[in-house]
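Enquirer: I am sharing target-v9.txt, which consists of compact mmCIF, C-alpha atoms (C1' of nucleotides):
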# COMPACT_ATOMS: atom_id res chain seq x y z
CA MET A 1 -30.31 -20.13 44.75
CA GLY A 2 -27.70 -18.33 42.78
CA LYS A 3 -29.71 -17.75 39.62
CA ARG A 4 -28.28 -14.62 38.15
CA ARG A 5 -28.23 -13.07 34.71
CA ALA A 6 -25.52 -14.84 32.76
CA LYS A 7 -23.90 -11.98 30.95
CA SER A 8 -25.56 -8.62 30.41
CA ARG A 9 -23.49 -7.53 27.39
CA ARG A 10 -20.24 -5.71 27.89
CA ARG A 11 -19.91 -2.04 27.13
CA SER A 12 -16.81 -2.88 25.09
CA GLY A 13 -14.46 -5.73 24.28
CA CYS A 14 -11.52 -4.18 26.12
CA PRO A 15 -10.12 -6.60 28.70
CA LEU A 16 -9.74 -3.80 31.22
CA ASN A 17 -13.41 -3.03 30.81
CA ALA A 18 -14.21 -6.68 31.43
CA SER A 19 -12.25 -6.56 34.68
CA VAL A 20 -13.86 -3.31 35.71
CA GLU A 21 -17.34 -4.64 35.04
CA MET A 22 -16.67 -7.64 37.28
CA LEU A 23 -14.61 -5.98 40.00
CA GLY A 24 -15.13 -2.24 39.69
CA ASP A 25 -17.07 -1.36 42.79
CA ARG A 26 -16.28 -0.53 46.37
CA TRP A 27 -16.63 -4.06 47.75
CA SER A 28 -15.78 -6.95 45.44
CA LEU A 29 -12.02 -6.68 45.77
CA LEU A 30 -12.26 -6.28 49.53
CA ILE A 31 -14.22 -9.52 49.74
CA ILE A 32 -11.55 -11.25 47.69
CA ARG A 33 -8.87 -9.76 49.93
CA ASP A 34 -10.71 -11.15 52.95
CA MET A 35 -10.62 -14.62 51.45
CA MET A 36 -7.04 -14.30 50.27
CA VAL A 37 -5.29 -12.81 53.25
CA ARG A 38 -7.72 -12.92 56.14
CA GLY A 39 -8.93 -16.43 55.45
CA CYS A 40 -12.63 -15.56 55.57
CA ARG A 41 -15.01 -18.24 54.41
CA THR A 42 -18.43 -17.56 55.91
CA PHE A 43 -20.94 -14.73 55.64
CA LYS A 44 -20.43 -13.86 59.28
CA GLU A 45 -16.68 -13.68 58.91
CA PHE A 46 -16.91 -11.23 56.00
CA LEU A 47 -19.15 -9.00 58.10
CA ARG A 48 -16.42 -8.66 60.70
CA SER A 49 -14.06 -6.71 58.40
CA ASP A 50 -13.11 -3.16 59.27
CA GLU A 51 -14.97 -1.65 56.34
CA ARG A 52 -18.38 -2.77 57.63
CA ILE A 53 -20.19 -4.01 54.57
CA ALA A 54 -24.00 -4.17 54.77
CA THR A 55 -25.56 -7.61 54.69
CA ASN A 56 -27.58 -7.04 51.54
CA ILE A 57 -24.55 -5.74 49.66
CA LEU A 58 -22.46 -8.67 50.85
CA ALA A 59 -25.09 -11.15 49.69
CA ASP A 60 -25.31 -9.40 46.34
CA ARG A 61 -21.54 -9.32 45.82
CA LEU A 62 -21.04 -12.94 46.83
CA GLY A 63 -23.72 -13.84 44.30
CA ARG A 64 -22.07 -11.84 41.53
CA LEU A 65 -18.59 -13.15 42.25
CA GLU A 66 -19.97 -16.67 42.17
CA ALA A 67 -21.83 -15.94 38.92
CA HIS A 68 -18.55 -14.74 37.43
CA GLY A 69 -16.76 -17.89 38.52
CA ILE A 70 -14.42 -16.02 40.85
CA ILE A 71 -15.61 -17.73 44.00
CA SER A 72 -17.64 -20.84 44.76
CA SER A 73 -19.33 -22.29 47.84
CA ARG A 74 -20.19 -25.51 49.59
CA SER A 75 -22.43 -25.98 52.57
CA ASP A 76 -20.60 -26.98 55.71
CA PRO A 77 -21.21 -30.65 56.55
CA SER A 78 -20.66 -30.05 60.26
CA ASP A 79 -23.09 -27.12 60.45
CA GLY A 80 -25.89 -27.01 57.94
CA ARG A 81 -26.44 -23.31 58.44
CA LYS A 82 -23.01 -22.40 57.21
CA LEU A 83 -21.95 -21.89 53.64
CA ASN A 84 -18.21 -21.98 53.05
CA TYR A 85 -17.01 -19.70 50.30
CA PHE A 86 -13.68 -20.17 48.57
CA LEU A 87 -11.74 -18.78 45.62
CA THR A 88 -11.74 -20.63 42.34
CA PRO A 89 -8.50 -20.76 40.32
CA LYS A 90 -9.81 -17.72 38.44
CA GLY A 91 -10.25 -15.92 41.73
CA ILE A 92 -6.87 -16.98 43.04
CA GLU A 93 -5.25 -15.50 39.96
CA LEU A 94 -6.44 -12.10 41.05
CA ALA A 95 -3.60 -12.09 43.58
CA PRO A 96 -1.28 -10.05 41.31
CA VAL A 97 -4.00 -7.44 40.78
CA LEU A 98 -4.61 -7.08 44.51
CA THR A 99 -0.89 -7.00 45.19
CA GLU A 100 -0.23 -4.20 42.73
CA MET A 101 -3.13 -2.20 44.13
CA VAL A 102 -1.79 -2.62 47.65
CA LEU A 103 1.72 -1.64 46.63
CA TRP A 104 0.48 1.40 44.74
CA ALA A 105 -1.61 2.67 47.63
CA ALA A 106 1.14 1.96 50.13
CA ALA A 107 3.59 3.95 48.00
CA HIS A 108 1.33 6.98 47.56
CA GLU A 109 -1.00 7.16 50.52
CA ASP A 110 -0.75 6.97 54.24
CA THR A 111 -2.03 3.48 54.98
CA GLY A 112 -1.79 0.77 57.59
CA ASN A 113 -0.82 -2.91 57.50
CA GLN A 114 2.79 -2.10 56.65
CA ALA A 115 3.85 -5.61 57.68
CA LEU A 116 1.93 -7.12 54.78
CA VAL A 117 3.22 -4.43 52.44
CA ARG A 118 6.80 -5.18 53.37
CA LEU A 119 6.27 -8.86 52.64
CA MET A 120 5.08 -7.95 49.16
CA GLN A 121 7.94 -5.54 48.56
CA GLU A 122 10.68 -7.85 49.72
CA ASP A 123 9.86 -10.74 47.42
CA LYS A 124 6.76 -10.33 45.35
CA ALA A 125 7.03 -13.67 43.59
CA LYS A 126 7.43 -15.55 46.84
CA PHE A 127 4.52 -13.73 48.37
CA LEU A 128 2.29 -14.54 45.40
CA ALA A 129 3.31 -18.19 45.47
CA GLU A 130 2.47 -18.46 49.14
CA VAL A 131 -0.90 -16.79 48.75
CA LYS A 132 -1.73 -19.06 45.87
CA GLN A 133 -0.78 -22.19 47.74
CA ARG A 134 -2.71 -21.19 50.83
CA CYS A 135 -5.84 -20.45 48.81
CA LEU A 136 -5.62 -23.74 46.95
CA GLN A 137 -5.23 -25.56 50.23
CA ILE A 138 -8.32 -23.89 51.66
CA SER A 139 -10.48 -24.64 48.64
CA ASP A 140 -9.26 -28.23 48.59
CA GLU A 141 -10.13 -28.62 52.22
CA ILE A 142 -13.61 -27.19 51.81
CA ALA A 143 -14.26 -29.31 48.76
CA ALA A 144 -12.96 -32.44 50.50
CA ARG A 145 -15.09 -31.94 53.58
CA ALA A 146 -18.16 -31.34 51.44
CA ARG A 147 -17.38 -34.44 49.39
CA SER A 148 -17.02 -36.71 52.42
CA GLU A 149 -20.48 -35.47 53.45
CA GLN A 150 -20.27 -36.70 57.01
CA PRO A 151 -23.57 -38.39 57.85
CA ARG A 152 -25.10 -35.92 60.24
CA ARG A 153 -24.81 -37.01 63.85
CA ILE A 154 -28.25 -38.15 64.90
CA LYS A 155 -28.96 -37.13 68.39
CA GLY A 156 -30.45 -39.34 71.05
CA MET B 1 -13.74 24.88 39.47
CA GLY B 2 -12.13 21.80 40.90
CA LYS B 3 -12.68 22.55 44.55
CA ARG B 4 -13.27 19.17 46.09
CA ARG B 5 -13.31 17.77 49.59
CA ALA B 6 -9.75 16.88 50.52
CA LYS B 7 -10.21 13.53 52.16
CA SER B 8 -13.52 12.25 53.51
CA ARG B 9 -12.18 9.71 55.99
CA ARG B 10 -11.36 6.18 54.92
CA ARG B 11 -13.46 3.22 55.94
CA SER B 12 -10.26 1.49 57.04
CA GLY B 13 -6.48 1.83 56.95
CA CYS B 14 -6.02 -1.09 54.58
CA PRO B 15 -4.05 -0.05 51.49
CA LEU B 16 -6.34 -2.08 49.27
CA ASN B 17 -9.27 -0.16 50.66
CA ALA B 18 -7.47 3.08 49.87
CA SER B 19 -7.04 1.99 46.26
CA VAL B 20 -10.62 0.86 46.01
CA GLU B 21 -11.92 4.13 47.39
CA MET B 22 -9.98 6.05 44.77
CA LEU B 23 -10.38 3.73 41.80
CA GLY B 24 -13.22 1.36 42.62
CA ASP B 25 -15.92 2.38 40.22
CA ARG B 26 -16.85 1.61 36.66
CA TRP B 27 -15.04 4.54 35.05
CA SER B 28 -11.88 5.79 36.77
CA LEU B 29 -9.59 3.05 35.53
CA LEU B 30 -10.97 3.31 32.02
CA ILE B 31 -10.13 7.00 31.98
CA ILE B 32 -6.61 6.21 33.10
CA ARG B 33 -6.36 3.54 30.42
CA ASP B 34 -7.43 6.11 27.85
CA MET B 35 -4.61 8.38 28.91
CA MET B 36 -2.08 5.58 29.18
CA VAL B 37 -2.65 3.61 26.03
CA ARG B 38 -4.96 5.65 23.83
CA GLY B 39 -3.21 8.94 24.46
CA CYS B 40 -6.36 10.86 25.35
CA ARG B 41 -5.86 14.32 26.78
CA THR B 42 -9.03 16.33 26.26
CA PHE B 43 -12.60 15.98 27.45
CA LYS B 44 -13.78 15.38 23.89
CA GLU B 45 -11.24 12.61 23.35
CA PHE B 46 -12.38 10.72 26.45
CA LEU B 47 -15.95 10.86 25.23
CA ARG B 48 -14.97 9.00 22.07
CA SER B 49 -14.15 5.76 23.90
CA ASP B 50 -16.14 2.64 23.18
CA GLU B 51 -17.71 2.54 26.62
CA ARG B 52 -19.59 5.82 26.10
CA ILE B 53 -19.21 7.64 29.38
CA ALA B 54 -21.75 10.39 30.14
CA THR B 55 -20.43 13.94 30.24
CA ASN B 56 -21.42 14.60 33.85
CA ILE B 57 -19.76 11.39 35.03
CA LEU B 58 -16.63 12.18 33.06
CA ALA B 59 -16.42 15.66 34.58
CA ASP B 60 -16.94 14.20 38.04
CA ARG B 61 -14.30 11.50 37.59
CA LEU B 62 -11.72 13.85 36.13
CA GLY B 63 -12.29 16.08 39.15
CA ARG B 64 -11.83 13.22 41.60
CA LEU B 65 -8.75 11.85 39.90
CA GLU B 66 -7.26 15.32 39.96
CA ALA B 67 -8.21 15.74 43.63
CA HIS B 68 -6.41 12.46 44.37
CA GLY B 69 -3.29 13.63 42.55
CA ILE B 70 -3.58 10.92 39.91
CA ILE B 71 -4.01 13.30 37.01
CA SER B 72 -3.45 17.00 36.47
CA SER B 73 -4.39 19.49 33.78
CA ARG B 74 -3.17 22.59 31.96
CA SER B 75 -5.11 24.76 29.61
CA ASP B 76 -3.93 24.51 26.04
CA PRO B 77 -2.01 27.65 24.99
CA SER B 78 -2.94 27.17 21.35
CA ASP B 79 -6.68 26.81 22.04
CA GLY B 80 -8.05 28.45 25.14
CA ARG B 81 -11.11 26.21 25.20
CA LYS B 82 -9.09 23.06 25.62
CA LEU B 83 -7.86 21.61 28.86
CA ASN B 84 -5.11 19.03 28.50
CA TYR B 85 -5.19 16.29 31.09
CA PHE B 86 -2.15 14.18 31.88
CA LEU B 87 -1.06 11.54 34.37
CA THR B 88 1.04 12.55 37.35
CA PRO B 89 3.86 10.21 38.46
CA LYS B 90 1.35 8.73 40.91
CA GLY B 91 -1.03 8.07 38.03
CA ILE B 92 1.69 6.65 35.81
CA GLU B 93 2.55 4.17 38.52
CA LEU B 94 -0.86 2.65 38.12
CA ALA B 95 0.44 0.96 34.98
CA PRO B 96 1.21 -2.33 36.79
CA VAL B 97 -2.32 -2.41 38.23
CA LEU B 98 -3.95 -1.87 34.85
CA THR B 99 -1.61 -4.40 33.27
CA GLU B 100 -2.47 -7.13 35.75
CA MET B 101 -6.16 -6.44 35.35
CA VAL B 102 -5.87 -6.69 31.58
CA LEU B 103 -3.87 -9.92 31.77
CA TRP B 104 -6.33 -11.44 34.22
CA ALA B 105 -9.35 -10.64 32.09
CA ALA B 106 -7.62 -11.76 28.92
CA ALA B 107 -6.78 -15.09 30.57
CA HIS B 108 -10.28 -15.77 31.85
CA GLU B 109 -12.73 -13.99 29.61
CA ASP B 110 -13.35 -13.64 25.94
CA THR B 111 -12.03 -10.17 25.21
CA GLY B 112 -10.65 -8.12 22.35
CA ASN B 113 -7.44 -6.14 21.83
CA GLN B 114 -5.33 -9.29 21.81
CA ALA B 115 -2.46 -7.37 20.21
CA LEU B 116 -2.01 -5.28 23.33
CA VAL B 117 -2.39 -8.33 25.52
CA ARG B 118 0.33 -10.14 23.64
CA LEU B 119 2.68 -7.21 24.11
CA MET B 120 2.11 -7.41 27.85
CA GLN B 121 2.58 -11.16 27.96
CA GLU B 122 5.75 -11.26 25.92
CA ASP B 123 7.76 -8.84 28.05
CA LYS B 124 5.86 -7.24 30.86
CA ALA B 125 8.79 -5.19 32.16
CA LYS B 126 9.53 -3.79 28.75
CA PHE B 127 5.89 -2.95 28.19
CA LEU B 128 5.68 -1.14 31.51
CA ALA B 129 8.88 0.79 30.83
CA GLU B 130 7.57 1.94 27.46
CA VAL B 131 4.22 3.00 28.86
CA LYS B 132 5.93 4.92 31.61
CA GLN B 133 8.26 6.71 29.26
CA ARG B 134 5.49 7.63 26.85
CA CYS B 135 3.35 9.03 29.66
CA LEU B 136 6.23 11.05 31.08
CA GLN B 137 6.92 12.43 27.63
CA ILE B 138 3.30 13.50 27.21
CA SER B 139 3.09 15.19 30.58
CA ASP B 140 6.41 16.94 29.96
CA GLU B 141 5.20 18.18 26.64
CA ILE B 142 1.93 19.50 28.05
CA ALA B 143 3.71 21.16 30.95
CA ALA B 144 6.33 22.69 28.65
CA ARG B 145 3.77 24.10 26.25
CA ALA B 146 1.78 25.56 29.13
CA ARG B 147 4.94 27.06 30.61
CA SER B 148 5.99 28.74 27.38
CA GLU B 149 2.53 30.34 27.34
CA GLN B 150 2.67 31.39 23.71
CA PRO B 151 1.36 34.94 23.46
CA ARG B 152 -1.99 34.39 21.79
CA ARG B 153 -1.94 35.26 18.13
CA ILE B 154 -3.81 38.53 17.74
CA LYS B 155 -5.83 38.64 14.64
CA GLY B 156 -5.92 41.65 12.49
C1' DC C 1 -39.03 -31.62 73.30
C1' DC C 2 -39.08 -26.89 73.35
C1' DA C 3 -37.32 -22.20 73.84
C1' DT C 4 -33.51 -19.50 72.46
C1' DA C 5 -29.46 -18.60 69.34
C1' DT C 6 -27.02 -18.50 65.10
C1' DT C 7 -26.21 -18.20 60.21
C1' DA C 8 -27.32 -16.55 55.99
C1' DC C 9 -29.89 -14.13 53.95
C1' DT C 10 -34.50 -10.77 52.43
C1' DT C 11 -37.34 -6.70 52.67
C1' DG C 12 -38.37 -1.89 53.31
C1' DT C 13 -37.05 2.67 52.97
C1' DG C 14 -34.64 6.96 52.42
C1' DA C 15 -30.29 8.80 50.50
C1' DA C 16 -26.92 8.93 47.07
C1' DA C 17 -25.01 7.77 42.56
C1' DT C 18 -25.95 7.04 37.55
C1' DG C 19 -27.47 7.83 32.87
C1' DC C 20 -29.51 10.56 29.44
C1' DA C 21 -30.96 14.88 27.30
C1' DA C 22 -30.63 19.52 27.16
C1' DG C 23 -28.57 23.87 28.31
C1' DT C 24 -24.65 27.22 29.42
C1' DC C 25 -20.60 29.85 28.48
C1' DA C 26 -16.20 31.28 26.84
C1' DA C 27 -13.10 30.82 23.01
C1' DA C 28 -12.36 29.69 18.18
C1' DA C 29 -13.70 29.64 13.28
C1' DT C 30 -16.10 31.48 9.37
C1' DA D 1 -21.31 39.08 13.67
C1' DT D 2 -22.79 34.57 13.63
C1' DT D 3 -21.91 29.89 14.09
C1' DT D 4 -19.30 26.14 15.96
C1' DT D 5 -16.59 23.85 19.27
C1' DG D 6 -14.93 22.30 23.83
C1' DA D 7 -15.84 21.71 28.45
C1' DC D 8 -18.75 21.45 31.37
C1' DT D 9 -23.75 22.15 34.24
C1' DT D 10 -28.50 21.24 35.22
C1' DG D 11 -32.81 18.54 35.49
C1' DC D 12 -34.84 14.55 36.12
C1' DA D 13 -35.97 9.63 36.00
C1' DT D 14 -33.79 5.30 37.29
C1' DT D 15 -30.71 2.45 39.78
C1' DT D 16 -27.83 1.41 43.45
C1' DC D 17 -26.56 1.99 48.36
C1' DA D 18 -26.77 1.94 53.32
C1' DC D 19 -29.01 1.07 57.42
C1' DA D 20 -32.58 -1.23 60.17
C1' DA D 21 -35.51 -4.80 60.67
C1' DG D 22 -37.35 -9.25 59.62
C1' DT D 23 -37.28 -14.32 58.09
C1' DA D 24 -36.15 -19.24 57.43
C1' DA D 25 -33.37 -23.07 58.39
C1' DT D 26 -30.44 -25.16 61.43
C1' DA D 27 -28.18 -25.72 66.10
C1' DT D 28 -27.85 -25.65 71.07
C1' DG D 29 -29.07 -25.84 76.06
C1' DG D 30 -32.01 -27.39 79.60
Could the structure of this file be written out as structure tokens, please?

Expert:
Amino acid sequence: MGKRRAKSRRRSGCPLNASVEMLGDRWSLLIIRDMMVRGCRTFKEFLRSDERIATNILADRLGRLEAHGIISSRSDPSDGRKLNYFLTPKGIELAPVLTEMVLWAAAHEDTGNQALVRLMQEDKAKFLAEVKQRCLQISDEIAARARSEQPRRIKG
Amino acid sequence: MGKRRAKSRRRSGCPLNASVEMLGDRWSLLIIRDMMVRGCRTFKEFLRSDERIATNILADRLGRLEAHGIISSRSDPSDGRKLNYFLTPKGIELAPVLTEMVLWAAAHEDTGNQALVRLMQEDKAKFLAEVKQRCLQISDEIAARARSEQPRRIKG
DNA sequence: CCATATTACTTGTGAAATGCAAGTCAAAAT
DNA sequence: ATTTTGACTTGCATTTCACAAGTAATATGG
């Protein structure tokens, strides 16, 4: 159950502060990256990332992101244990933020994944459009499958 | 003194992870915002922000940002107690990141400072160019004053 | 049908980060 | 000389984090 405090009063009205209060920690943006570019949807998949997030932190962050309307989830009709997470439109619109952070780090630090970086550099608008479309497609698919609610195969 | 561990091994080579390890906390980006748009340069000035950062956290964050080459500092020739902080080119190039975070929050949350937001929306490139120029001007001025090293006025 | 796996989490616990108040210290100001 | 100011430290209680282990609800294999 994702019951979570609705809004614990901002420290200020500054929009940057609002962003930082939602996303300013060591994990939230990495989770969003995993959904956006690595196509992660389940708890298990997030755990497989290189940064090795702990399970309790992952559960906490997924809950917060959902509470902030950045991601949402539906249980998987073909496997009742699985919860499929996906980005909401609000979450998808974080793509420019992530992109600028990637480009900044790539320009000033020694980092990997240069293939992705080059894609962003060559045509940023195209890259953003593709990411957006892919994310929308994924969320549509998850929503559609959940809606059709396949009657569980009864064994025997 | 600002002796600080050089680089304590990244959790992964991902450029987003690099950004998050440098900037992913509740304060670093707000400090950079204060330098970029509020023109803060001294410890005291940072403390006056709406978000009310604690002095020990501020000292710690200024030290980290300096260790990461995002900001730098010079002691003020006209007042030996003061240290003037300024953004390095690397720090100035965070402007697009901050801008996208502000625009995202402004689009999805109820936030203040709509005047600034409108400036960003109307002509993002122009806004970024102005911010960049202003920051360069400030760092030049601080560096120049420190270089000239005015012989302290001897009283008597 | 039943034992074993999987998935998505909790719980427990020690370590680290945070927040607040108070204190330090050198350089102005009075 | 004394007080004030600016930039930090230090102490300490609280919160958050990371790692290991455990749990509950499916799912799978025999």

Enquirer: Can I get the residues of chain C within 9 Å of chain B, each with the closest pair of atoms and their distance in Å to one decimal, using all atoms listed in the file, sorted chain first then ascending number, as a Markdown table?

Expert:
| residue | atom | partner | partner_atom | distance |
| --- | --- | --- | --- | --- |
| C:DT18 | C1' | B:Ile57 | CA | 8.0 |
| C:DG19 | C1' | B:Ala54 | CA | 6.8 |
| C:DC20 | C1' | B:Ala54 | CA | 7.8 |
| C:DA26 | C1' | B:Arg81 | CA | 7.4 |
| C:DA27 | C1' | B:Arg81 | CA | 5.5 |
| C:DA28 | C1' | B:Asp79 | CA | 7.4 |

Enquirer: Have a look at CA of Leu87 in chain A and CA of Ile70 in chain A and let me know their distance in Å, one decimal.

Expert: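 Between CA of Leu87 in chain A and CA of Ile70 in chain A the gap works out to 6.1 Å.
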
Enquirer: Show me, as a count of residues only, the residues of chain D whose atoms get within 12 Å of chain A, using all atoms listed in the file for the distance check.

Expert: 11

Enquirer: Sorted by chain and rising residue number, which residues of chain A lie within 8 Å of chain B, and what are their closest atom pairs and distances in Å to one decimal, counting all atoms listed in the file, as a tab-separated table?

Expert:
residue	atom	partner	partner_atom	distance
A:Arg11	CA	B:Glu51	CA	5.1
A:Ser12	CA	B:Glu51	CA	5.7
A:Gly13	CA	B:Gly112	CA	4.9
A:Cys14	CA	B:Gly112	CA	5.5
A:Pro15	CA	B:Val102	CA	5.1
A:Leu16	CA	B:Val102	CA	4.8
A:Asn17	CA	B:Leu30	CA	6.9
A:Ala18	CA	B:Ala105	CA	6.3
A:Ser19	CA	B:Ala105	CA	5.6
A:Val20	CA	B:Arg26	CA	5.8
A:Glu21	CA	B:Arg26	CA	6.5
A:Leu23	CA	B:Gly24	CA	7.9
A:Gly24	CA	B:Asp25	CA	4.7
A:Asp25	CA	B:Asp25	CA	4.7
A:Arg26	CA	B:Gly24	CA	5.2
A:Trp27	CA	B:Val20	CA	8.0
A:Leu29	CA	B:Val20	CA	7.7
A:Leu30	CA	B:Asn17	CA	6.9
A:Asp50	CA	B:Ser12	CA	5.9
A:Glu51	CA	B:Arg11	CA	5.1
A:Arg52	CA	B:Arg11	CA	7.9
A:Lys90	CA	B:His108	CA	6.9
A:Glu93	CA	B:Trp104	CA	7.1
A:Leu94	CA	B:Trp104	CA	6.9
A:Pro96	CA	B:Glu100	CA	6.4
A:Val97	CA	B:Glu100	CA	5.3
A:Leu98	CA	B:Leu16	CA	7.1
A:Glu100	CA	B:Val97	CA	5.3
A:Met101	CA	B:Val97	CA	6.0
A:Val102	CA	B:Leu16	CA	4.9
A:Leu103	CA	B:Pro15	CA	7.7
A:Trp104	CA	B:Leu94	CA	6.9
A:Ala105	CA	B:Pro15	CA	5.3
A:Ala106	CA	B:Pro15	CA	5.7
A:His108	CA	B:Lys90	CA	6.9
A:Glu109	CA	B:Ala18	CA	7.7
A:Thr111	CA	B:Gly13	CA	5.1
A:Gly112	CA	B:Gly13	CA	4.9
A:Asn113	CA	B:Cys14	CA	6.2

Enquirer: What does the structure give for the distance between CA of Tyr85 in chain A and CA of Cys40 in chain A, in Å to one decimal?

Expert: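 According to the coordinates, CA of Tyr85 in chain A and CA of Cys40 in chain A are separated by 8.0 Å.
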